[in-house]
Every structure is written in structure tokens, then in C-alpha cells.
Amino acid sequence: GNLINMLSSARHDTLVISDSDMHVAPDYLREVAAALARPGVGLVTSLYTGRPAEGSPALQLGAAHINQIFASGQLMARHLGRQDCVGATMALTRATLARVGGLAALVDYVAD
């Protein structure tokens, strides 16, 4: 619902949806946009790793899960031919989004 409501405020044709708690390099958007501009590419995602904000055991376990279970699972899935889009970074153009039916068509597929 939030993404659907925000879309009308987006000013550009390239749309990047990312988690708000990401720590990225200064060239993050440039790299994502460059990947999206390649011929035949319609959607860009990014593998990520976890880094806890503090040192509590719960936060350490959360980061360990991302690094040891999630990330390795995503790499294995890609190796086996899956082309999943993980939500920490999702980039596409308005035209691609329109071709799949808009954000409303993705409601049953976007996890959070």
C-alpha cells in the first residue's frame, strides 16, 4: 500500500525501491542505474549482507542469519537458475512496471 501511494510522487522513470536501513557505497544508485540500463535487463536487485546496529545477541544472530543462511541461499538459488528479486534493492523502469500490471499486480508477491 505504501509503495502504491508513493508512486505518484516519483519524478523519474527509473524507480529504485530499497530498505531504509541499508548502508551503501556512495556510488550505489549509479551502479544500480547502470545495471538497469544494460540491454535486456528489466529488473535489478542486489545481494546484501547483515551488520548489526549494536552488539546484542539478538542483533548478532539476525546478522548471522542474513550472512550465513539468506545470502548463501540466494547464491545457490541463482546458481540453480532462479532469478529472484530480493527486496533490499529492487530497481526497474516505469515502463517495465506498467508491463507487469503496476504495483497492484505485485501485491501477492511482495513479502513486506
# chains A, B, ... in the order shown; residues from 1 in each chain; ligands from 1

$ select_by_dssp --residues "chain A" --states "strand (DSSP E)" --output "list of chain:residue names"
A:Thr14, A:Leu15, A:Val16, A:Ile17, A:Ser18, A:Val44, A:Thr45, A:Thr89, A:Met90, A:Ala91, A:Leu92, A:Thr93

$ residues_around --residues "region 77-82 of chain A" --least-positions-apart "5" --cutoff "12 Å" --atoms "only C-alpha atoms" --output "compact mmCIF listing (two decimals) with N, CA, C and O atoms, in the first residue's frame"
# COMPACT_ATOMS: atom_id res chain seq x y z
N THR A 45 18.40 -6.25 -8.76
CA THR A 45 18.38 -6.48 -7.33
C THR A 45 19.82 -6.55 -6.84
O THR A 45 20.75 -6.46 -7.64
N SER A 46 20.00 -6.69 -5.57
CA SER A 46 21.35 -6.70 -5.02
C SER A 46 21.43 -7.66 -3.84
O SER A 46 20.59 -7.60 -2.94
N LEU A 47 22.41 -8.52 -3.87
CA LEU A 47 22.66 -9.37 -2.72
C LEU A 47 23.23 -8.51 -1.60
O LEU A 47 23.99 -7.58 -1.86
N ILE A 69 22.73 -17.85 6.18
CA ILE A 69 21.60 -18.61 5.65
C ILE A 69 21.02 -17.92 4.41
O ILE A 69 20.98 -18.49 3.32
N PHE A 70 20.58 -16.70 4.59
CA PHE A 70 19.92 -15.99 3.49
C PHE A 70 20.84 -15.78 2.29
O PHE A 70 20.51 -16.15 1.17
N ALA A 71 22.00 -15.17 2.51
CA ALA A 71 22.90 -14.84 1.40
C ALA A 71 23.35 -16.09 0.66
O ALA A 71 23.33 -16.13 -0.58
N SER A 72 23.74 -17.12 1.40
CA SER A 72 24.18 -18.35 0.73
C SER A 72 23.01 -19.01 0.00
O SER A 72 23.19 -19.58 -1.09

$ closest_residue --among "A:Leu29, A:Ala37, A:Leu3, A:Ala58" --to "Leu106 (chain A)" --atoms "only C-alpha atoms"
A:Leu3

$ residues_around --residues "Pro52 (chain A)" --least-positions-apart "6" --cutoff "7 Å" --atoms "only C-alpha atoms" --output "list in words"
Leu59, Gln60 and Ala63 of chain A

$ select_by_dssp --residues "region 8-109 of chain A" --states "alpha helix (DSSP H)" --output "number ranges by chain"
A: 28-36, 57-65, 71-79, 94-99

$ atom_distance --atom1 "CA of Met22 (chain A)" --atom2 "CA of Gly42 (chain A)"
22.5 Å

$ closest_residue --among "A:Ala91, A:Val86, A:Met76, A:Ile17" --to "Asn2 (chain A)" --atoms "only C-alpha atoms"
A:Ile17

$ atom_distance --atom1 "CA of Thr93 (chain A)" --atom2 "CA of Glu31 (chain A)"
15.0 Å

$ residues_around --residues "Leu15 (chain A)" --least-positions-apart "2" --cutoff "9 Å" --atoms "only C-alpha atoms" --output "PDB file with N, CA, C and O atoms, in the first residue's frame"
ATOM      1  N   LEU A   7       3.939   6.119  -5.410  1.00  0.00           N
ATOM      2  CA  LEU A   7       4.348   6.101  -6.812  1.00  0.00           C
ATOM      3  C   LEU A   7       4.018   7.396  -7.544  1.00  0.00           C
ATOM      4  O   LEU A   7       4.817   7.870  -8.357  1.00  0.00           O
ATOM      5  N   ALA A  10       6.805   9.944  -7.378  1.00  0.00           N
ATOM      6  CA  ALA A  10       8.097   9.671  -8.026  1.00  0.00           C
ATOM      7  C   ALA A  10       8.227  10.542  -9.266  1.00  0.00           C
ATOM      8  O   ALA A  10       7.298  10.645 -10.061  1.00  0.00           O
ATOM      9  N   HIS A  12      10.905  10.414 -11.624  1.00  0.00           N
ATOM     10  CA  HIS A  12      11.756   9.912 -12.704  1.00  0.00           C
ATOM     11  C   HIS A  12      11.253   8.567 -13.214  1.00  0.00           C
ATOM     12  O   HIS A  12      10.442   7.906 -12.580  1.00  0.00           O
ATOM     13  N   ASP A  13      11.769   8.172 -14.382  1.00  0.00           N
ATOM     14  CA  ASP A  13      11.351   6.911 -14.989  1.00  0.00           C
ATOM     15  C   ASP A  13      12.039   5.697 -14.374  1.00  0.00           C
ATOM     16  O   ASP A  13      11.536   4.582 -14.471  1.00  0.00           O
ATOM     17  N   ILE A  17      13.517   0.886  -5.316  1.00  0.00           N
ATOM     18  CA  ILE A  17      12.843   0.607  -4.050  1.00  0.00           C
ATOM     19  C   ILE A  17      13.866  -0.106  -3.175  1.00  0.00           C
ATOM     20  O   ILE A  17      14.417  -1.136  -3.576  1.00  0.00           O
ATOM     21  N   MET A  90      15.358  -3.157  -5.259  1.00  0.00           N
ATOM     22  CA  MET A  90      14.596  -3.533  -6.446  1.00  0.00           C
ATOM     23  C   MET A  90      14.555  -2.291  -7.328  1.00  0.00           C
ATOM     24  O   MET A  90      14.076  -1.245  -6.897  1.00  0.00           O
ATOM     25  N   ALA A  91      15.073  -2.395  -8.544  1.00  0.00           N
ATOM     26  CA  ALA A  91      15.075  -1.260  -9.457  1.00  0.00           C
ATOM     27  C   ALA A  91      14.478  -1.686 -10.788  1.00  0.00           C
ATOM     28  O   ALA A  91      14.764  -2.769 -11.295  1.00  0.00           O
ATOM     29  N   LEU A  92      13.636  -0.831 -11.333  1.00  0.00           N
ATOM     30  CA  LEU A  92      13.001  -1.072 -12.614  1.00  0.00           C
ATOM     31  C   LEU A  92      12.537   0.262 -13.176  1.00  0.00           C
ATOM     32  O   LEU A  92      12.576   1.281 -12.491  1.00  0.00           O
ATOM     33  N   THR A  93      12.104   0.234 -14.417  1.00  0.00           N
ATOM     34  CA  THR A  93      11.594   1.458 -15.027  1.00  0.00           C
ATOM     35  C   THR A  93      10.079   1.491 -14.909  1.00  0.00           C
ATOM     36  O   THR A  93       9.431   0.459 -14.702  1.00  0.00           O
ATOM     37  N   ARG A  94       9.531   2.676 -15.073  1.00  0.00           N
ATOM     38  CA  ARG A  94       8.065   2.800 -15.082  1.00  0.00           C
ATOM     39  C   ARG A  94       7.454   1.936 -16.176  1.00  0.00           C
ATOM     40  O   ARG A  94       6.396   1.339 -15.990  1.00  0.00           O
TER      41      ARG A  94
END

$ decode --residues "region 25-41 of chain A" --atoms "N, CA, C and O atoms" --output "PDB file, in the first residue's frame"
ATOM      1  N   ALA A  25      27.442   2.065  -0.557  1.00  0.00           N
ATOM      2  CA  ALA A  25      28.569   2.867  -1.031  1.00  0.00           C
ATOM      3  C   ALA A  25      28.036   4.135  -1.710  1.00  0.00           C
ATOM      4  O   ALA A  25      26.882   4.166  -2.169  1.00  0.00           O
ATOM      5  N   PRO A  26      28.862   5.154  -1.794  1.00  0.00           N
ATOM      6  CA  PRO A  26      28.424   6.411  -2.431  1.00  0.00           C
ATOM      7  C   PRO A  26      27.961   6.242  -3.877  1.00  0.00           C
ATOM      8  O   PRO A  26      27.134   7.017  -4.357  1.00  0.00           O
ATOM      9  N   ASP A  27      28.444   5.222  -4.564  1.00  0.00           N
ATOM     10  CA  ASP A  27      28.057   5.024  -5.969  1.00  0.00           C
ATOM     11  C   ASP A  27      26.919   4.006  -6.144  1.00  0.00           C
ATOM     12  O   ASP A  27      26.649   3.548  -7.245  1.00  0.00           O
ATOM     13  N   TYR A  28      26.231   3.686  -5.055  1.00  0.00           N
ATOM     14  CA  TYR A  28      25.143   2.685  -5.069  1.00  0.00           C
ATOM     15  C   TYR A  28      24.115   2.965  -6.170  1.00  0.00           C
ATOM     16  O   TYR A  28      23.848   2.110  -7.012  1.00  0.00           O
ATOM     17  N   LEU A  29      23.533   4.160  -6.195  1.00  0.00           N
ATOM     18  CA  LEU A  29      22.493   4.456  -7.188  1.00  0.00           C
ATOM     19  C   LEU A  29      23.060   4.453  -8.600  1.00  0.00           C
ATOM     20  O   LEU A  29      22.406   3.989  -9.536  1.00  0.00           O
ATOM     21  N   ARG A  30      24.260   4.936  -8.777  1.00  0.00           N
ATOM     22  CA  ARG A  30      24.896   4.943 -10.099  1.00  0.00           C
ATOM     23  C   ARG A  30      25.084   3.506 -10.597  1.00  0.00           C
ATOM     24  O   ARG A  30      24.800   3.197 -11.752  1.00  0.00           O
ATOM     25  N   GLU A  31      25.537   2.624  -9.719  1.00  0.00           N
ATOM     26  CA  GLU A  31      25.746   1.225 -10.099  1.00  0.00           C
ATOM     27  C   GLU A  31      24.426   0.512 -10.407  1.00  0.00           C
ATOM     28  O   GLU A  31      24.333  -0.261 -11.359  1.00  0.00           O
ATOM     29  N   VAL A  32      23.419   0.764  -9.598  1.00  0.00           N
ATOM     30  CA  VAL A  32      22.104   0.152  -9.832  1.00  0.00           C
ATOM     31  C   VAL A  32      21.530   0.644 -11.154  1.00  0.00           C
ATOM     32  O   VAL A  32      21.033  -0.142 -11.969  1.00  0.00           O
ATOM     33  N   ALA A  33      21.605   1.942 -11.405  1.00  0.00           N
ATOM     34  CA  ALA A  33      21.086   2.514 -12.657  1.00  0.00           C
ATOM     35  C   ALA A  33      21.865   1.988 -13.860  1.00  0.00           C
ATOM     36  O   ALA A  33      21.275   1.703 -14.913  1.00  0.00           O
ATOM     37  N   ALA A  34      23.180   1.835 -13.729  1.00  0.00           N
ATOM     38  CA  ALA A  34      23.989   1.310 -14.835  1.00  0.00           C
ATOM     39  C   ALA A  34      23.606  -0.132 -15.155  1.00  0.00           C
ATOM     40  O   ALA A  34      23.509  -0.519 -16.319  1.00  0.00           O
ATOM     41  N   ALA A  35      23.360  -0.931 -14.121  1.00  0.00           N
ATOM     42  CA  ALA A  35      22.942  -2.317 -14.341  1.00  0.00           C
ATOM     43  C   ALA A  35      21.583  -2.367 -15.026  1.00  0.00           C
ATOM     44  O   ALA A  35      21.354  -3.172 -15.928  1.00  0.00           O
ATOM     45  N   LEU A  36      20.686  -1.481 -14.636  1.00  0.00           N
ATOM     46  CA  LEU A  36      19.352  -1.444 -15.233  1.00  0.00           C
ATOM     47  C   LEU A  36      19.393  -0.981 -16.686  1.00  0.00           C
ATOM     48  O   LEU A  36      18.557  -1.374 -17.492  1.00  0.00           O
ATOM     49  N   ALA A  37      20.384  -0.176 -17.045  1.00  0.00           N
ATOM     50  CA  ALA A  37      20.490   0.357 -18.405  1.00  0.00           C
ATOM     51  C   ALA A  37      21.050  -0.653 -19.408  1.00  0.00           C
ATOM     52  O   ALA A  37      20.990  -0.416 -20.617  1.00  0.00           O
ATOM     53  N   ARG A  38      21.550  -1.771 -18.937  1.00  0.00           N
ATOM     54  CA  ARG A  38      22.099  -2.782 -19.848  1.00  0.00           C
ATOM     55  C   ARG A  38      20.983  -3.361 -20.712  1.00  0.00           C
ATOM     56  O   ARG A  38      19.867  -3.586 -20.229  1.00  0.00           O
ATOM     57  N   PRO A  39      21.281  -3.653 -21.982  1.00  0.00           N
ATOM     58  CA  PRO A  39      20.267  -4.241 -22.872  1.00  0.00           C
ATOM     59  C   PRO A  39      19.710  -5.544 -22.313  1.00  0.00           C
ATOM     60  O   PRO A  39      20.460  -6.381 -21.803  1.00  0.00           O
ATOM     61  N   GLY A  40      18.412  -5.688 -22.373  1.00  0.00           N
ATOM     62  CA  GLY A  40      17.760  -6.911 -21.929  1.00  0.00           C
ATOM     63  C   GLY A  40      17.495  -6.997 -20.438  1.00  0.00           C
ATOM     64  O   GLY A  40      16.919  -7.972 -19.969  1.00  0.00           O
ATOM     65  N   VAL A  41      17.904  -5.998 -19.669  1.00  0.00           N
ATOM     66  CA  VAL A  41      17.690  -6.011 -18.222  1.00  0.00           C
ATOM     67  C   VAL A  41      16.423  -5.240 -17.903  1.00  0.00           C
ATOM     68  O   VAL A  41      16.254  -4.101 -18.334  1.00  0.00           O
TER      69      VAL A  41
END
